[in-house]
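Participant: File data.cif follows (mmCIF, C-alpha atoms):
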```
data_protein
#
loop_
_atom_site.group_PDB
_atom_site.id
_atom_site.type_symbol
_atom_site.label_atom_id
_atom_site.label_comp_id
_atom_site.auth_asym_id
_atom_site.auth_seq_id
_atom_site.Cartn_x
_atom_site.Cartn_y
_atom_site.Cartn_z
ATOM 1 C CA MET U 761 -27.484 -25.219 -2.064
ATOM 2 C CA VAL U 762 -24.211 -25.264 -0.118
ATOM 3 C CA ASP U 763 -23.770 -22.309 2.240
ATOM 4 C CA VAL U 764 -20.537 -20.461 1.440
ATOM 5 C CA ARG U 765 -19.249 -17.964 4.015
ATOM 6 C CA ILE U 766 -17.079 -15.168 2.623
ATOM 7 C CA ASP U 767 -15.313 -12.340 4.481
ATOM 8 C CA LEU U 768 -13.680 -9.842 2.119
ATOM 9 C CA HIS U 769 -11.962 -7.451 4.571
ATOM 10 C CA THR U 770 -9.313 -8.708 7.014
ATOM 11 C CA HIS U 771 -5.927 -7.527 8.263
ATOM 12 C CA SER U 772 -2.744 -9.254 9.390
ATOM 13 C CA THR U 773 0.466 -8.269 11.161
ATOM 14 C CA GLU U 774 1.762 -7.026 7.809
ATOM 15 C CA SER U 775 -0.303 -3.896 8.493
ATOM 16 C CA ASP U 776 -2.328 -3.296 11.673
ATOM 17 C CA GLY U 777 -3.752 -6.693 12.575
ATOM 18 C CA THR U 778 -2.472 -8.990 15.321
ATOM 19 C CA ASP U 779 -2.653 -12.335 13.457
ATOM 20 C CA THR U 780 0.174 -13.281 11.116
ATOM 21 C CA PRO U 781 -1.034 -14.147 7.604
ATOM 22 C CA ALA U 782 -0.808 -17.853 8.458
ATOM 23 C CA GLU U 783 -2.654 -17.357 11.742
ATOM 24 C CA LEU U 784 -5.310 -15.360 9.909
ATOM 25 C CA VAL U 785 -5.939 -18.276 7.549
ATOM 26 C CA ALA U 786 -6.115 -20.691 10.484
ATOM 27 C CA THR U 787 -8.506 -18.370 12.351
ATOM 28 C CA ALA U 788 -10.748 -18.128 9.301
ATOM 29 C CA ILE U 789 -10.844 -21.902 8.816
ATOM 30 C CA ALA U 790 -11.577 -22.462 12.507
ATOM 31 C CA ALA U 791 -14.432 -19.954 12.273
ATOM 32 C CA GLY U 792 -16.028 -21.945 9.462
ATOM 33 C CA LEU U 793 -15.278 -19.501 6.670
ATOM 34 C CA ASP U 794 -14.790 -20.678 3.098
ATOM 35 C CA VAL U 795 -13.194 -17.542 1.623
ATOM 36 C CA ILE U 796 -11.332 -14.557 3.015
ATOM 37 C CA ALA U 797 -9.654 -11.584 1.404
ATOM 38 C CA LEU U 798 -6.377 -10.403 2.923
ATOM 39 C CA THR U 799 -6.585 -6.608 2.677
ATOM 40 C CA ASP U 800 -3.678 -5.141 4.595
ATOM 41 C CA HIS U 801 -3.148 -1.394 4.361
ATOM 42 C CA ASP U 802 -1.007 -0.356 1.409
ATOM 43 C CA THR U 803 0.947 -3.614 1.210
ATOM 44 C CA THR U 804 0.779 -7.036 -0.403
ATOM 45 C CA ALA U 805 3.629 -8.404 1.733
ATOM 46 C CA GLY U 806 1.362 -10.972 3.414
ATOM 47 C CA TRP U 807 0.105 -12.589 0.210
ATOM 48 C CA ALA U 808 2.842 -15.233 -0.101
ATOM 49 C CA ALA U 809 2.623 -16.413 3.513
ATOM 50 C CA ALA U 810 -1.177 -16.518 3.369
ATOM 51 C CA GLU U 811 -1.041 -18.513 0.127
ATOM 52 C CA ARG U 812 1.343 -21.038 1.708
ATOM 53 C CA ALA U 813 -0.977 -21.353 4.694
ATOM 54 C CA VAL U 814 -3.963 -21.982 2.429
ATOM 55 C CA ARG U 815 -2.140 -24.743 0.590
ATOM 56 C CA GLU U 816 -0.891 -26.334 3.833
ATOM 57 C CA GLN U 817 -3.903 -25.914 6.114
ATOM 58 C CA ALA U 818 -6.754 -26.346 3.665
ATOM 59 C CA ARG U 819 -5.605 -29.500 1.899
ATOM 60 C CA ALA U 820 -8.404 -31.588 3.348
ATOM 61 C CA GLY U 821 -11.182 -29.148 2.555
ATOM 62 C CA ARG U 822 -12.281 -26.184 0.511
ATOM 63 C CA PHE U 823 -10.873 -22.807 1.378
ATOM 64 C CA ARG U 824 -9.962 -19.899 -0.853
ATOM 65 C CA LEU U 825 -7.939 -16.717 -0.461
ATOM 66 C CA VAL U 826 -8.658 -13.503 -2.352
ATOM 67 C CA PRO U 827 -5.446 -11.402 -2.504
ATOM 68 C CA GLY U 828 -6.169 -7.740 -1.850
ATOM 69 C CA ALA U 829 -5.233 -4.517 -0.070
ATOM 70 C CA GLU U 830 -6.911 -1.554 1.566
ATOM 71 C CA LEU U 831 -5.966 1.845 0.141
ATOM 72 C CA SER U 832 -6.346 5.164 1.959
ATOM 73 C CA CYS U 833 -7.481 7.823 -0.505
ATOM 74 C CA SER U 834 -8.330 11.516 -0.510
ATOM 75 C CA CYS U 835 -11.786 12.246 -1.854
ATOM 76 C CA PRO U 836 -14.257 15.157 -2.108
ATOM 77 C CA ASP U 837 -17.022 14.538 0.420
ATOM 78 C CA GLY U 838 -19.761 16.219 -1.634
ATOM 79 C CA ASN U 839 -19.965 19.149 0.763
ATOM 80 C CA GLY U 840 -16.918 21.119 -0.291
ATOM 81 C CA ARG U 841 -14.293 19.307 1.772
ATOM 82 C CA LYS U 842 -11.640 16.656 1.165
ATOM 83 C CA ILE U 843 -11.765 13.608 3.428
ATOM 84 C CA THR U 844 -10.125 10.192 3.633
ATOM 85 C CA VAL U 845 -11.984 7.210 2.191
ATOM 86 C CA HIS U 846 -10.834 3.605 2.046
ATOM 87 C CA LEU U 847 -10.842 1.461 -1.074
ATOM 88 C CA LEU U 848 -10.687 -2.318 -0.951
ATOM 89 C CA ALA U 849 -8.739 -3.521 -3.971
ATOM 90 C CA TYR U 850 -8.880 -7.143 -5.075
ATOM 91 C CA LEU U 851 -7.096 -9.465 -7.484
ATOM 92 C CA PHE U 852 -4.688 -6.937 -8.967
ATOM 93 C CA ASP U 853 -1.125 -7.418 -10.175
ATOM 94 C CA PRO U 854 1.050 -6.209 -7.266
ATOM 95 C CA ASN U 855 3.956 -5.615 -9.636
ATOM 96 C CA ALA U 856 2.144 -3.093 -11.833
ATOM 97 C CA VAL U 857 4.648 -0.232 -11.959
ATOM 98 C CA ALA U 858 2.497 2.789 -11.093
ATOM 99 C CA LEU U 859 0.658 0.974 -8.308
ATOM 100 C CA ALA U 860 3.829 -0.521 -6.794
ATOM 101 C CA ARG U 861 5.484 2.906 -6.782
ATOM 102 C CA GLU U 862 2.509 4.551 -5.074
ATOM 103 C CA GLN U 863 2.222 1.790 -2.478
ATOM 104 C CA SER U 864 5.926 2.134 -1.703
ATOM 105 C CA ARG U 865 5.482 5.887 -1.185
ATOM 106 C CA LEU U 866 2.535 5.364 1.124
ATOM 107 C CA ARG U 867 4.348 2.758 3.229
ATOM 108 C CA ALA U 868 7.370 5.009 3.659
ATOM 109 C CA GLU U 869 5.187 7.961 4.647
ATOM 110 C CA ARG U 870 3.185 5.852 7.097
ATOM 111 C CA ARG U 871 6.379 4.628 8.761
ATOM 112 C CA ASP U 872 7.793 8.163 9.027
ATOM 113 C CA ARG U 873 4.505 9.390 10.464
ATOM 114 C CA LEU U 874 4.379 6.584 13.033
ATOM 115 C CA TYR U 875 7.926 7.331 14.184
ATOM 116 C CA GLU U 876 7.247 11.047 14.551
ATOM 117 C CA MET U 877 4.060 10.473 16.539
ATOM 118 C CA ALA U 878 5.854 8.043 18.842
ATOM 119 C CA ARG U 879 8.790 10.433 19.219
ATOM 120 C CA HIS U 880 6.511 13.288 20.224
ATOM 121 C CA MET U 881 4.809 11.111 22.828
ATOM 122 C CA ALA U 882 8.145 9.910 24.205
ATOM 123 C CA GLU U 883 9.364 13.506 24.497
ATOM 124 C CA ASP U 884 6.249 14.277 26.540
ATOM 125 C CA GLY U 885 7.013 11.464 28.958
ATOM 126 C CA PHE U 886 4.896 8.613 27.619
ATOM 127 C CA PRO U 887 6.542 5.183 28.128
ATOM 128 C CA VAL U 888 6.973 4.391 24.434
ATOM 129 C CA ASP U 889 10.193 3.752 22.513
ATOM 130 C CA PRO U 890 9.955 4.912 18.867
ATOM 131 C CA ASP U 891 12.927 2.807 17.790
ATOM 132 C CA ALA U 892 11.532 -0.330 19.443
ATOM 133 C CA ILE U 893 8.153 0.190 17.781
ATOM 134 C CA MET U 894 9.782 0.510 14.370
ATOM 135 C CA ALA U 895 12.057 -2.496 14.985
ATOM 136 C CA GLY U 896 8.984 -4.599 15.748
ATOM 137 C CA LEU U 897 7.402 -3.965 12.354
ATOM 138 C CA PRO U 898 7.759 -6.460 9.501
ATOM 139 C CA PRO U 899 10.173 -5.087 6.853
ATOM 140 C CA ASP U 900 7.484 -4.179 4.324
ATOM 141 C CA SER U 901 4.781 -3.175 6.787
ATOM 142 C CA PRO U 902 3.381 0.347 6.411
ATOM 143 C CA GLY U 903 3.146 0.827 10.152
ATOM 144 C CA GLY U 904 0.387 2.939 11.606
ATOM 145 C CA ARG U 905 -1.344 4.374 14.627
ATOM 146 C CA PRO U 906 -2.549 0.951 15.869
ATOM 147 C CA HIS U 907 1.084 -0.026 16.481
ATOM 148 C CA LEU U 908 1.566 3.022 18.685
ATOM 149 C CA ALA U 909 -1.783 2.357 20.353
ATOM 150 C CA ARG U 910 -0.719 -1.212 21.115
ATOM 151 C CA ALA U 911 2.530 0.084 22.649
ATOM 152 C CA LEU U 912 0.472 2.348 24.929
ATOM 153 C CA VAL U 913 -1.706 -0.610 25.924
ATOM 154 C CA ASN U 914 1.349 -2.751 26.675
ATOM 155 C CA ALA U 915 2.813 0.052 28.782
ATOM 156 C CA GLY U 916 -0.385 0.270 30.829
ATOM 157 C CA THR U 917 -1.077 3.856 29.748
ATOM 158 C CA VAL U 918 -4.476 2.937 28.295
ATOM 159 C CA ALA U 919 -6.704 -0.092 28.622
ATOM 160 C CA SER U 920 -7.402 -0.602 24.910
ATOM 161 C CA VAL U 921 -6.514 0.442 21.394
ATOM 162 C CA ASP U 922 -9.848 2.263 21.180
ATOM 163 C CA GLU U 923 -8.986 4.297 24.288
ATOM 164 C CA ALA U 924 -5.604 5.226 22.815
ATOM 165 C CA PHE U 925 -7.301 6.569 19.701
ATOM 166 C CA ALA U 926 -9.976 8.387 21.673
ATOM 167 C CA LYS U 927 -7.495 10.107 23.986
ATOM 168 C CA TYR U 928 -4.380 10.660 21.911
ATOM 169 C CA LEU U 929 -4.230 9.326 18.351
ATOM 170 C CA GLY U 930 -7.566 10.186 16.720
ATOM 171 C CA GLY U 931 -7.955 12.935 14.158
ATOM 172 C CA ARG U 932 -8.447 15.548 16.897
ATOM 173 C CA GLY U 933 -5.881 14.073 19.265
ATOM 174 C CA ARG U 934 -2.825 16.013 20.375
ATOM 175 C CA TYR U 935 -0.415 13.542 18.767
ATOM 176 C CA TYR U 936 -2.198 13.038 15.473
ATOM 177 C CA LEU U 937 -0.220 13.836 12.332
ATOM 178 C CA PRO U 938 -1.786 14.026 8.847
ATOM 179 C CA ARG U 939 -0.626 12.038 5.816
ATOM 180 C CA THR U 940 -0.818 12.450 2.039
ATOM 181 C CA ASP U 941 -3.276 9.927 0.618
ATOM 182 C CA THR U 942 -3.728 8.851 -2.992
ATOM 183 C CA PRO U 943 -6.471 10.754 -4.872
ATOM 184 C CA VAL U 944 -9.366 8.309 -5.053
ATOM 185 C CA HIS U 945 -9.916 8.603 -8.821
ATOM 186 C CA ARG U 946 -6.249 7.805 -9.431
ATOM 187 C CA ALA U 947 -6.406 4.833 -7.057
ATOM 188 C CA ILE U 948 -9.398 3.351 -8.902
ATOM 189 C CA GLU U 949 -7.580 3.895 -12.180
ATOM 190 C CA MET U 950 -4.341 2.284 -10.998
ATOM 191 C CA ILE U 951 -6.096 -0.811 -9.676
ATOM 192 C CA ALA U 952 -8.008 -1.183 -12.958
ATOM 193 C CA GLU U 953 -4.746 -0.831 -14.900
ATOM 194 C CA ALA U 954 -3.322 -3.602 -12.688
ATOM 195 C CA GLY U 955 -6.214 -5.910 -13.572
ATOM 196 C CA GLY U 956 -8.112 -5.586 -10.298
ATOM 197 C CA VAL U 957 -11.378 -4.233 -8.964
ATOM 198 C CA THR U 958 -12.244 -1.727 -6.230
ATOM 199 C CA VAL U 959 -14.927 -1.643 -3.543
ATOM 200 C CA LEU U 960 -15.631 1.413 -1.373
ATOM 201 C CA ALA U 961 -15.127 0.326 2.242
ATOM 202 C CA HIS U 962 -17.621 1.262 5.002
ATOM 203 C CA PRO U 963 -18.789 4.320 2.994
ATOM 204 C CA PHE U 964 -21.422 5.620 5.423
ATOM 205 C CA ALA U 965 -19.727 4.723 8.735
ATOM 206 C CA THR U 966 -20.265 8.082 10.442
ATOM 207 C CA ALA U 967 -18.811 6.798 13.727
ATOM 208 C CA ARG U 968 -15.421 6.819 12.002
ATOM 209 C CA GLY U 969 -15.675 10.461 10.968
ATOM 210 C CA PRO U 970 -16.905 12.426 7.938
ATOM 211 C CA VAL U 971 -18.355 10.383 5.065
ATOM 212 C CA VAL U 972 -19.134 11.004 1.414
ATOM 213 C CA THR U 973 -22.575 11.737 0.002
ATOM 214 C CA ALA U 974 -24.514 9.409 -2.282
ATOM 215 C CA ASP U 975 -23.689 11.743 -5.181
ATOM 216 C CA VAL U 976 -19.974 11.140 -4.599
ATOM 217 C CA VAL U 977 -20.532 7.373 -4.621
ATOM 218 C CA ALA U 978 -22.346 7.770 -7.945
ATOM 219 C CA ALA U 979 -19.430 9.787 -9.328
ATOM 220 C CA LEU U 980 -16.979 7.090 -8.223
ATOM 221 C CA ALA U 981 -19.117 4.448 -9.904
ATOM 222 C CA GLY U 982 -18.841 6.488 -13.079
ATOM 223 C CA ARG U 983 -15.045 6.431 -12.724
ATOM 224 C CA GLY U 984 -14.842 2.652 -12.454
ATOM 225 C CA LEU U 985 -15.685 1.723 -8.852
ATOM 226 C CA SER U 986 -17.070 -1.836 -8.868
ATOM 227 C CA GLY U 987 -18.748 -2.227 -5.499
ATOM 228 C CA ILE U 988 -19.619 -0.921 -2.044
ATOM 229 C CA GLU U 989 -19.213 -2.574 1.336
ATOM 230 C CA ILE U 990 -22.691 -2.686 2.858
ATOM 231 C CA ASP U 991 -22.720 -5.242 5.683
ATOM 232 C CA HIS U 992 -20.006 -3.841 7.957
ATOM 233 C CA PRO U 993 -19.941 -3.649 11.784
ATOM 234 C CA ASP U 994 -20.034 0.167 11.624
ATOM 235 C CA HIS U 995 -23.236 0.284 9.530
ATOM 236 C CA ASP U 996 -26.577 0.100 11.324
ATOM 237 C CA PRO U 997 -29.647 -1.513 9.696
ATOM 238 C CA GLU U 998 -30.980 1.789 8.335
ATOM 239 C CA THR U 999 -27.611 2.610 6.754
ATOM 240 C CA ARG U 1000 -27.392 -0.849 5.201
ATOM 241 C CA ALA U 1001 -30.828 -0.428 3.671
ATOM 242 C CA ARG U 1002 -29.816 2.927 2.148
ATOM 243 C CA LEU U 1003 -26.650 1.402 0.736
ATOM 244 C CA ARG U 1004 -28.522 -1.563 -0.784
ATOM 245 C CA GLY U 1005 -30.776 0.840 -2.599
ATOM 246 C CA LEU U 1006 -27.794 2.842 -3.788
ATOM 247 C CA ALA U 1007 -25.988 -0.289 -4.970
ATOM 248 C CA ALA U 1008 -29.029 -1.374 -6.968
ATOM 249 C CA GLU U 1009 -29.462 2.074 -8.472
ATOM 250 C CA LEU U 1010 -25.806 2.350 -9.527
ATOM 251 C CA ASP U 1011 -25.252 -1.329 -10.413
ATOM 252 C CA LEU U 1012 -22.544 -1.604 -7.782
ATOM 253 C CA ILE U 1013 -21.638 -5.017 -6.361
ATOM 254 C CA PRO U 1014 -22.714 -5.299 -2.689
ATOM 255 C CA THR U 1015 -20.243 -6.871 -0.255
ATOM 256 C CA GLY U 1016 -20.079 -7.629 3.450
ATOM 257 C CA SER U 1017 -17.025 -7.946 5.652
ATOM 258 C CA SER U 1018 -15.869 -7.978 9.259
ATOM 259 C CA ASP U 1019 -12.858 -5.630 8.909
ATOM 260 C CA TYR U 1020 -11.112 -8.068 11.250
ATOM 261 C CA HIS U 1021 -7.937 -6.842 13.016
ATOM 262 C CA GLY U 1022 -7.378 -9.634 15.553
ATOM 263 C CA THR U 1023 -7.192 -8.412 19.131
ATOM 264 C CA ASN U 1024 -6.791 -4.773 18.058
ATOM 265 C CA LYS U 1025 -10.592 -4.717 17.719
ATOM 266 C CA THR U 1026 -13.471 -6.645 19.256
ATOM 267 C CA ILE U 1027 -14.909 -7.640 15.868
ATOM 268 C CA ARG U 1028 -15.054 -11.379 15.106
ATOM 269 C CA ILE U 1029 -13.778 -12.682 11.783
ATOM 270 C CA GLY U 1030 -16.780 -13.572 9.657
ATOM 271 C CA GLN U 1031 -19.068 -11.322 11.711
ATOM 272 C CA GLU U 1032 -20.306 -9.936 8.391
ATOM 273 C CA THR U 1033 -20.155 -11.810 5.103
ATOM 274 C CA THR U 1034 -20.426 -11.351 1.330
ATOM 275 C CA PRO U 1035 -22.977 -13.169 -0.876
ATOM 276 C CA PRO U 1036 -21.276 -15.755 -3.135
ATOM 277 C CA ASP U 1037 -22.725 -14.183 -6.287
ATOM 278 C CA SER U 1038 -21.102 -10.861 -5.354
ATOM 279 C CA LEU U 1039 -17.688 -12.509 -5.200
ATOM 280 C CA ASP U 1040 -18.367 -14.194 -8.537
ATOM 281 C CA ARG U 1041 -19.175 -10.817 -10.084
ATOM 282 C CA LEU U 1042 -15.994 -9.270 -8.712
ATOM 283 C CA ILE U 1043 -13.880 -12.126 -10.062
ATOM 284 C CA GLU U 1044 -15.484 -11.814 -13.497
ATOM 285 C CA ARG U 1045 -14.231 -8.219 -13.734
ATOM 286 C CA CYS U 1046 -10.604 -9.062 -12.904
ATOM 287 C CA SER U 1047 -7.661 -9.862 -15.129
ATOM 288 C CA GLY U 1048 -4.871 -9.608 -12.532
ATOM 289 C CA SER U 1049 -4.145 -12.057 -9.696
ATOM 290 C CA LYS U 1050 -6.252 -15.159 -9.174
ATOM 291 C CA VAL U 1051 -8.171 -16.538 -6.201
ATOM 292 C CA ILE U 1052 -5.959 -19.025 -4.352
ATOM 293 C CA GLY U 1053 -7.231 -22.423 -3.265
#
```
Since I need it in another form, could you write the structure as structure tokens?

Facilitator:
Amino acid sequence: MVDVRIDLHTHSTESDGTDTPAELVATAIAAGLDVIALTDHDTTAGWAAAERAVREQARAGRFRLVPGAELSCSCPDGNGRKITVHLLAYLFDPNAVALAREQSRLRAERRDRLYEMARHMAEDGFPVDPDAIMAGLPPDSPGGRPHLARALVNAGTVASVDEAFAKYLGGRGRYYLPRTDTPVHRAIEMIAEAGGVTVLAHPFATARGPVVTADVVAALAGRGLSGIEIDHPDHDPETRARLRGLAAELDLIPTGSSDYHGTNKTIRIGQETTPPDSLDRLIERCSGSKVIG
């Protein structure tokens, strides 16, 4: 049986990665991957460039691209609070009206938030230029805290993106500003209406902050969630085992992914991978966009 290596969670410069969509495809091919999903935050702007790269760079061999996005959603945590969870959405129609409108709202809010955070830091004497940061974003990029973190790294204020988040930009940082995320049930519904499928990203990654309970995952499965991301760099072996049991119990499709961001993180592309049969099951449930390649 031929070994197929699949990474279903990667980011490009169209959101908060450091590889352009074309560079991302080249990086994936060089790493020996056979399939990647491009899952930029709240945008599909990188799909066309990634598709061109697949057709140009993968002519001599097999390589496939799964068009996708990562959606930030508000969700009950199962303990009486609302928290942010991330949904990976795959193979949906990006022109579906309700979804396109919501993604446009989120991108605009993210850009406004980024500018305000940068402005506050500049007013306090940090060597960052809000207008320059915004000018450096691709036209349809949502923008986000990693762009401000990278500006702080380039200015020599911090040594890494992680340090910028830990000191200034994290949820408890002085310069953090909240945002209005999509309710998770509505996000699942919109992606289904657009012909796609949803997978709950890094659901039990406690190092990132508060997480949902298993009961909440079960409720999301009842509302149409298709899968859960199990093999992720922020899940330890014990957590992965719990999630595999939960996936089996709820008939959720198990996936694995690197959550690659280029040099913004130390994670290697393909560090975690998805079983081929899981990708096949996801594709079977879709009626929107198609796998490219």

Participant: Fewer than 2 positions away in the same chain doesn't count, so skip those; otherwise give me all residues within 7 Å of stretch 901-915 of chain U, counting all atoms listed in the file, as a list in words.

Facilitator: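 Everything that qualifies: Glu774, Ser775, Asp776, Asp802, Thr803, Arg867, Ala868, Arg870, Arg871, Leu874, Ala878, Pro887, Val888, Leu897, Pro898, Pro899, Thr917, Val918, Ala919, Ser920, Val921, Ala924, Phe925 and Leu929 of chain U.
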
Participant: Quick one: distance from atom CA of U:Leu825 to atom CA of U:His1021 in Å, one decimal?

Facilitator: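 Those two atoms sit 16.7 Å apart.
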
Participant: Tell me, as a list in words, which residues lie within 10 Å of U:Phe964, counting all atoms listed in the file; anything in the same chain fewer than 6 positions away does not count.

Facilitator: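 My reading of the contact set: Pro970, Val971, Val972, Thr973, Ala974, Glu989, Ile990, His992, Asp994, His995, Asp996, Thr999, Arg1000, Arg1002 and Leu1003 of chain U.
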
Participant: Could you tell me how far atom CA of U:Ala947 lies from atom CA of U:His846, in Å and to one decimal?

Facilitator: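 We find that atom CA of U:Ala947 and atom CA of U:His846 lie 10.2 Å from each other.
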
Participant: One decimal, in Å: what's the spacing between atom CA of U:Ala797 and atom CA of U:Asp767?

Facilitator: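 Atom CA of U:Ala797 sits 6.5 Å away from atom CA of U:Asp767.
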
Participant: Hey, which of U:Gly777, U:Gly984, U:Pro827, U:Gly955 ends up closest to U:Val795? Count only C-alpha atoms.

Facilitator: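 Nearest to U:Val795: U:Pro827.
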